[in-house]
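Report on the structure given below.
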Amino acid sequence: MKVVIIGASHGGLHAALTLKKLNPQTEVILIEKRNEVSFVSSGIILRMNQLVDELDKVRYLTSEELDKKGIDVLLNATVTTIHPDKKTIIYEDIHKNTREVSYEKLILATGSNQFSTNLTLPSKDKVTVFKSYPSSVEVLKKLEKAKSISIVGGGYIGVELCDALKGKGKEIHLIESADSVLFRYLGKELSELIEQKIRDSGVKLHLNESVIGFSNIDEETFITKTTNEEIRNDYVIVAVNARPDTTLVKEFLDLNANGTVRVNEHMQTSDPDIFALGDVISYPVRNSYRKSFIPLVNNVVRSATVAAMNVLGHPMKYNMTQKTTATKIFNSYVASTGLTEVEAKFEGIEVESTFLTLPCQLPFLELQEEVHIKMVFEKGSHKLIGGQLMSEKDITQSINTLSLAIDKETTLEELVTMDFYFNPGINQPMGIISRAAYEFLIEKYKV
Ligand SMILES: Cc1cc2nc3c(=O)[nH]c(=O)nc-3n(C[C@H](O)[C@H](O)[C@H](O)COP(=O)(O)OP(=O)(O)OC[C@H]3O[C@@H](n4cnc5c(N)ncnc54)[C@H](O)[C@@H]3O)c2cc1C
């Protein structure tokens with residue numbers, strides 16, 4: 001079997017490795033327009049938080065390691081055309097030579113691009129997005145020099161950037177058009193706690209404000225105009241939603257209304273010999289009627305496994321996503337899974353929820369930590385449909401427990417009676433999840 005994969009980021013790499021693990025005889029050609037592979041997009045944050053000493057280290061594989069595994073990696077190779085009728089692709093190499101490669105199966109892993117706007121920008125080098133290694137190097141350099149920076153978008157990337165930039169003697173503005181940060185993942189209770197931390201750190205938070213334009217003052221400085229204010233900046237970072245990159249296939253493959261490539265549960269497109277995965281497709285969301293564009297690596301690697309299995313004739317279906325996420329910001333771990341109350345309403349699901357702040361340890365221990373926990377249940381069935389956690393303690397594994405609970409349609413009563421460990425040196429007799437469920441159960445039934 002000869003498989004060509006376009007795009008060597010998380011998705012393309014995982015599919016290539018899986019194909020080789022399943023059958024080392026598979027001929028795998030991985031084509032990438034950049035000159036490097038496997039850079040992790042949030043590398044900038046890791047570098048600024050001094051978790052790594054060099055940005056270039058934030059990758060988990062090199063093209064040499066892929067070569068050793070028998071994967072044929074073509075770097076600086078931009079695919080320009082796909083001929084599905086002939087089952088060939090055309091790419092341009094670094095010397096602008098045009099080359100043709102045939103395939104038996106093709107995997108599209110072209111991912112997503114950030115930032116498209118109709119706004120007139122102050123000048124290209126003053127407004128940046130970052131995802132790839134070269135763009136991250138550039139942004140890091142500019143951030144060092146900049147004195148007044150606006151970050152557009154209060155999602156994970158924007159808030160993580162604020163955290164990494166705080167206390168560095170810069171004026172930082174975070175501009176979010178919604179009425180809270182991280183609104184796609186968190187309810188008001190946790191968002192408000194984070195917003196307070198953002199403000200306490202000295203970052204100027206602009207909620208309910210949209211950027212409407214920029215105007216130059218001089219070579220260095222410009223005005224970022226929002227719906228409420230005019231901010232004097234020398235740098236802007238755009239951290240808004242990415243869009244799927246379907247340039248190569250939009251003329252001949254079926255697309256969804258949101259612009260992603262339409263795939264079945266086997267990651268197969270409308271052309272049975274072309275599979276798609278990662279950020280270029282939409283995902284079925286548990287408790288939602290729609291498939292959605294959810295650019296998260298946890299979706300990318302799972303869809304890549306499913307695509308590789310099916311390419312080699314092993315039928316496997318993609319499950320669902322709960323869009324499970326976790327981060328560490330302002331000295332707290334924040335994690336989320338499933339639907340927020342607002343999303344549930346949008347899906348027509350009647351919900352009830354609980355929000356509690358609970359101690360983690362028994363009171364006799366010196367170390368005392370607390371967890372903020374929110375759980376959203378479907379009214380009537382008591383099925384868990386969403387969960388959110390925040391703590392200075394690393395509670396991130398518990399979000400995976402909540403994700404599993406949502407996936408398995410676990411009820412409030414089952415969460416109370418589920419078997420979780422107790423150790424007096426670590427936790428309380430009821431773990432955080434069962435305790436929060438237990439308190440909610442008592443609240444509901446007490447007379
Ligand atoms: C700043 C930032 C931080 C993030 N942090 C997280 C995080 O903490 N956790 C998380 O789960 N997700 C995170 N994400 C999202 C995550 O990065 C994406 O979900 C993931 O990169 C998508 O992987 P992919 O392989 O589908 O596509 P991409 O990573 O978009 O890669 C697509 C690849 O295809 C190549 N390509 C495209 N067109 C062609 C062509 N014509 N010819 C050859 N090659 C081509 C591109 O050069 C690129 O290398 C973050 C995103 C950003 C921008």
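Note on naming: chains are A, B, ... as they come in the structure tokens, residues start from 1 per chain, ligands start from 1 in the order shown.
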
Sorted by chain and rising residue number, list the residues of chain A at most 6 Å from ligand 1 (counting only C-alpha atoms and all ligand atoms), each with its closest atom pair and distance in Å to one decimal, as JSON lines.
```
{"residue": "A:Ile6", "atom": "CA", "partner": "ligand 1", "partner_atom_place_in_ligand_line": "44 (N)", "distance": 5.4}
{"residue": "A:Gly7", "atom": "CA", "partner": "ligand 1", "partner_atom_place_in_ligand_line": "34 (O)", "distance": 3.2}
{"residue": "A:Ala8", "atom": "CA", "partner": "ligand 1", "partner_atom_place_in_ligand_line": "49 (O)", "distance": 5.0}
{"residue": "A:Ser9", "atom": "CA", "partner": "ligand 1", "partner_atom_place_in_ligand_line": "25 (O)", "distance": 4.1}
{"residue": "A:His10", "atom": "CA", "partner": "ligand 1", "partner_atom_place_in_ligand_line": "25 (O)", "distance": 4.0}
{"residue": "A:Gly11", "atom": "CA", "partner": "ligand 1", "partner_atom_place_in_ligand_line": "25 (O)", "distance": 3.5}
{"residue": "A:Gly12", "atom": "CA", "partner": "ligand 1", "partner_atom_place_in_ligand_line": "25 (O)", "distance": 5.5}
{"residue": "A:Ile31", "atom": "CA", "partner": "ligand 1", "partner_atom_place_in_ligand_line": "43 (C)", "distance": 5.4}
{"residue": "A:Glu32", "atom": "CA", "partner": "ligand 1", "partner_atom_place_in_ligand_line": "44 (N)", "distance": 3.8}
{"residue": "A:Lys33", "atom": "CA", "partner": "ligand 1", "partner_atom_place_in_ligand_line": "43 (C)", "distance": 4.0}
{"residue": "A:Arg34", "atom": "CA", "partner": "ligand 1", "partner_atom_place_in_ligand_line": "47 (O)", "distance": 5.3}
{"residue": "A:Ser41", "atom": "CA", "partner": "ligand 1", "partner_atom_place_in_ligand_line": "2 (C)", "distance": 4.4}
{"residue": "A:Ser42", "atom": "CA", "partner": "ligand 1", "partner_atom_place_in_ligand_line": "3 (C)", "distance": 4.1}
{"residue": "A:Ala77", "atom": "CA", "partner": "ligand 1", "partner_atom_place_in_ligand_line": "43 (C)", "distance": 5.8}
{"residue": "A:Thr78", "atom": "CA", "partner": "ligand 1", "partner_atom_place_in_ligand_line": "42 (N)", "distance": 3.7}
{"residue": "A:Val79", "atom": "CA", "partner": "ligand 1", "partner_atom_place_in_ligand_line": "42 (N)", "distance": 3.9}
{"residue": "A:Thr80", "atom": "CA", "partner": "ligand 1", "partner_atom_place_in_ligand_line": "41 (N)", "distance": 5.7}
{"residue": "A:Ala109", "atom": "CA", "partner": "ligand 1", "partner_atom_place_in_ligand_line": "26 (O)", "distance": 5.5}
{"residue": "A:Thr110", "atom": "CA", "partner": "ligand 1", "partner_atom_place_in_ligand_line": "34 (O)", "distance": 3.6}
{"residue": "A:Gly111", "atom": "CA", "partner": "ligand 1", "partner_atom_place_in_ligand_line": "27 (O)", "distance": 3.1}
{"residue": "A:Ser112", "atom": "CA", "partner": "ligand 1", "partner_atom_place_in_ligand_line": "30 (O)", "distance": 4.2}
{"residue": "A:Phe130", "atom": "CA", "partner": "ligand 1", "partner_atom_place_in_ligand_line": "1 (C)", "distance": 5.8}
{"residue": "A:Lys131", "atom": "CA", "partner": "ligand 1", "partner_atom_place_in_ligand_line": "53 (C)", "distance": 4.3}
{"residue": "A:Ile157", "atom": "CA", "partner": "ligand 1", "partner_atom_place_in_ligand_line": "1 (C)", "distance": 5.7}
{"residue": "A:Gly278", "atom": "CA", "partner": "ligand 1", "partner_atom_place_in_ligand_line": "26 (O)", "distance": 3.4}
{"residue": "A:Asp279", "atom": "CA", "partner": "ligand 1", "partner_atom_place_in_ligand_line": "26 (O)", "distance": 3.9}
{"residue": "A:Pro295", "atom": "CA", "partner": "ligand 1", "partner_atom_place_in_ligand_line": "19 (O)", "distance": 3.9}
{"residue": "A:Leu296", "atom": "CA", "partner": "ligand 1", "partner_atom_place_in_ligand_line": "11 (O)", "distance": 3.6}
{"residue": "A:Val297", "atom": "CA", "partner": "ligand 1", "partner_atom_place_in_ligand_line": "11 (O)", "distance": 3.7}
{"residue": "A:Asn298", "atom": "CA", "partner": "ligand 1", "partner_atom_place_in_ligand_line": "11 (O)", "distance": 5.4}
{"residue": "A:Val300", "atom": "CA", "partner": "ligand 1", "partner_atom_place_in_ligand_line": "26 (O)", "distance": 5.5}
```

Return as CSV the residues of segment 101-218 of chain A lying at most 10 Å from segment 344-366 of chain A, together with the closest atom-to-atom pair for each and the distance in Å to one decimal, counting only C-alpha atoms, with rows in chain order and ascending residue number.
```
residue,atom,partner,partner_atom,distance
A:Gly187,CA,A:Phe355,CA,9.7
A:Glu189,CA,A:Phe355,CA,7.7
A:Leu190,CA,A:Phe355,CA,9.2
```

| task | Find the residues around Lys69 of chain A up to 9 Å (only C-alpha atoms counted), leave out those fewer than 6 positions away in its own chain, and share them as a PyMOL selection string. | result | chain A and resi 17+20+24

| said: List the spatial neighbours of Phe275 of chain A as a list in words - criterion: any atom at most 9 Å away, only C-alpha atoms, same-chain residues fewer than 2 positions off excluded. | reply: Lys105, Leu106, Ile107, Leu108, Ala109, Val263, His266, Met267, Gln268, Thr269, Ser270, Asp271, Pro272, Asp273, Leu277, Ala307, Ala308, Asn310 and Val311 of chain A

If you keep N, CA, C and O atoms, can you produce a file of those selected residues as a short mmCIF file (atom, residue, chain, number, x, y, z; two decimals), in the first residue's frame?
```cif
data_model
loop_
_atom_site.label_atom_id
_atom_site.label_comp_id
_atom_site.auth_asym_id
_atom_site.auth_seq_id
_atom_site.Cartn_x
_atom_site.Cartn_y
_atom_site.Cartn_z
N LYS A 105 -3.78 5.56 -1.38
CA LYS A 105 -4.65 6.31 -0.46
C LYS A 105 -3.96 7.62 -0.12
O LYS A 105 -2.73 7.66 0.04
N LEU A 106 -4.78 8.67 0.00
CA LEU A 106 -4.24 9.99 0.33
C LEU A 106 -4.82 10.43 1.67
O LEU A 106 -6.02 10.25 1.92
N ILE A 107 -3.97 10.98 2.54
CA ILE A 107 -4.48 11.52 3.83
C ILE A 107 -4.24 13.02 3.84
O ILE A 107 -3.11 13.49 3.68
N LEU A 108 -5.32 13.75 4.04
CA LEU A 108 -5.24 15.20 4.08
C LEU A 108 -5.10 15.64 5.54
O LEU A 108 -6.00 15.43 6.35
N ALA A 109 -3.93 16.22 5.87
CA ALA A 109 -3.69 16.68 7.25
C ALA A 109 -3.17 18.11 7.20
O ALA A 109 -2.18 18.46 7.84
N VAL A 263 -16.31 14.28 6.50
CA VAL A 263 -15.83 12.88 6.59
C VAL A 263 -16.90 12.03 7.26
O VAL A 263 -17.74 12.55 8.00
N HIS A 266 -15.29 6.98 9.69
CA HIS A 266 -13.99 6.34 9.42
C HIS A 266 -12.95 7.34 8.92
O HIS A 266 -11.89 6.95 8.47
N MET A 267 -13.31 8.62 8.94
CA MET A 267 -12.42 9.71 8.48
C MET A 267 -12.24 9.70 6.95
O MET A 267 -11.30 10.25 6.41
N GLN A 268 -13.20 9.06 6.29
CA GLN A 268 -13.15 8.97 4.83
C GLN A 268 -13.95 10.13 4.24
O GLN A 268 -15.06 10.41 4.72
N THR A 269 -13.39 10.77 3.23
CA THR A 269 -14.06 11.92 2.61
C THR A 269 -15.04 11.43 1.54
O THR A 269 -15.24 10.22 1.37
N SER A 270 -15.60 12.37 0.76
CA SER A 270 -16.53 11.97 -0.31
C SER A 270 -15.79 11.22 -1.43
O SER A 270 -16.42 10.62 -2.29
N ASP A 271 -14.46 11.27 -1.45
CA ASP A 271 -13.67 10.41 -2.34
C ASP A 271 -13.15 9.26 -1.47
O ASP A 271 -12.36 9.49 -0.54
N PRO A 272 -13.57 8.02 -1.74
CA PRO A 272 -13.23 6.91 -0.82
C PRO A 272 -11.73 6.67 -0.67
O PRO A 272 -11.31 6.03 0.30
N ASP A 273 -10.92 7.18 -1.57
CA ASP A 273 -9.46 6.98 -1.44
C ASP A 273 -8.77 8.14 -0.75
O ASP A 273 -7.54 8.17 -0.64
N LEU A 277 -8.21 14.37 8.44
CA LEU A 277 -8.12 14.28 9.91
C LEU A 277 -7.64 15.62 10.48
O LEU A 277 -7.29 16.53 9.74
N ALA A 307 -8.06 7.21 11.03
CA ALA A 307 -7.78 7.27 9.59
C ALA A 307 -6.77 6.19 9.21
O ALA A 307 -6.99 5.44 8.24
N ALA A 308 -5.68 6.07 9.97
CA ALA A 308 -4.63 5.10 9.63
C ALA A 308 -5.19 3.67 9.67
O ALA A 308 -4.91 2.86 8.78
N ASN A 310 -8.27 2.65 9.20
CA ASN A 310 -9.19 2.40 8.08
C ASN A 310 -8.47 2.36 6.74
O ASN A 310 -8.84 1.59 5.86
N VAL A 311 -7.42 3.20 6.59
CA VAL A 311 -6.63 3.17 5.35
C VAL A 311 -6.08 1.76 5.13
O VAL A 311 -6.06 1.24 4.01
#
```

| request: Enumerate, as a PyMOL selection string, the complete set of residues in segment 79-307 of chain A that a backbone-based DSSP assignment places in helix (DSSP H, G or I). | output: chain A and resi 124-126+133-145+156-165+188-200+278-280+297-307

| said: Need the shell around Val28 of chain A: protein/DNA/RNA residues with any atom at most 9 Å away, counting only C-alpha atoms. Skip same-chain ones fewer than 5 positions apart. Format as a list in words? | reply: Met1, Lys2, Val3, Val4, Ile5, Ala16, Leu19, Lys20, Gly70, Ile71, Asp72 and Val73 of chain A

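When only C-alpha atoms are used to compute distances to Ile29 of chain A, the closest of the residues A:Tyr103, A:His83, A:Ser434, A:Ala239 turns out to be A:Tyr103.
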
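Nearest-residue note for Val37 of chain A: choosing from A:Ser303, A:Gln50, A:Asn76, A:Ser381, the minimum distance belongs to A:Asn76, counting only C-alpha atoms.
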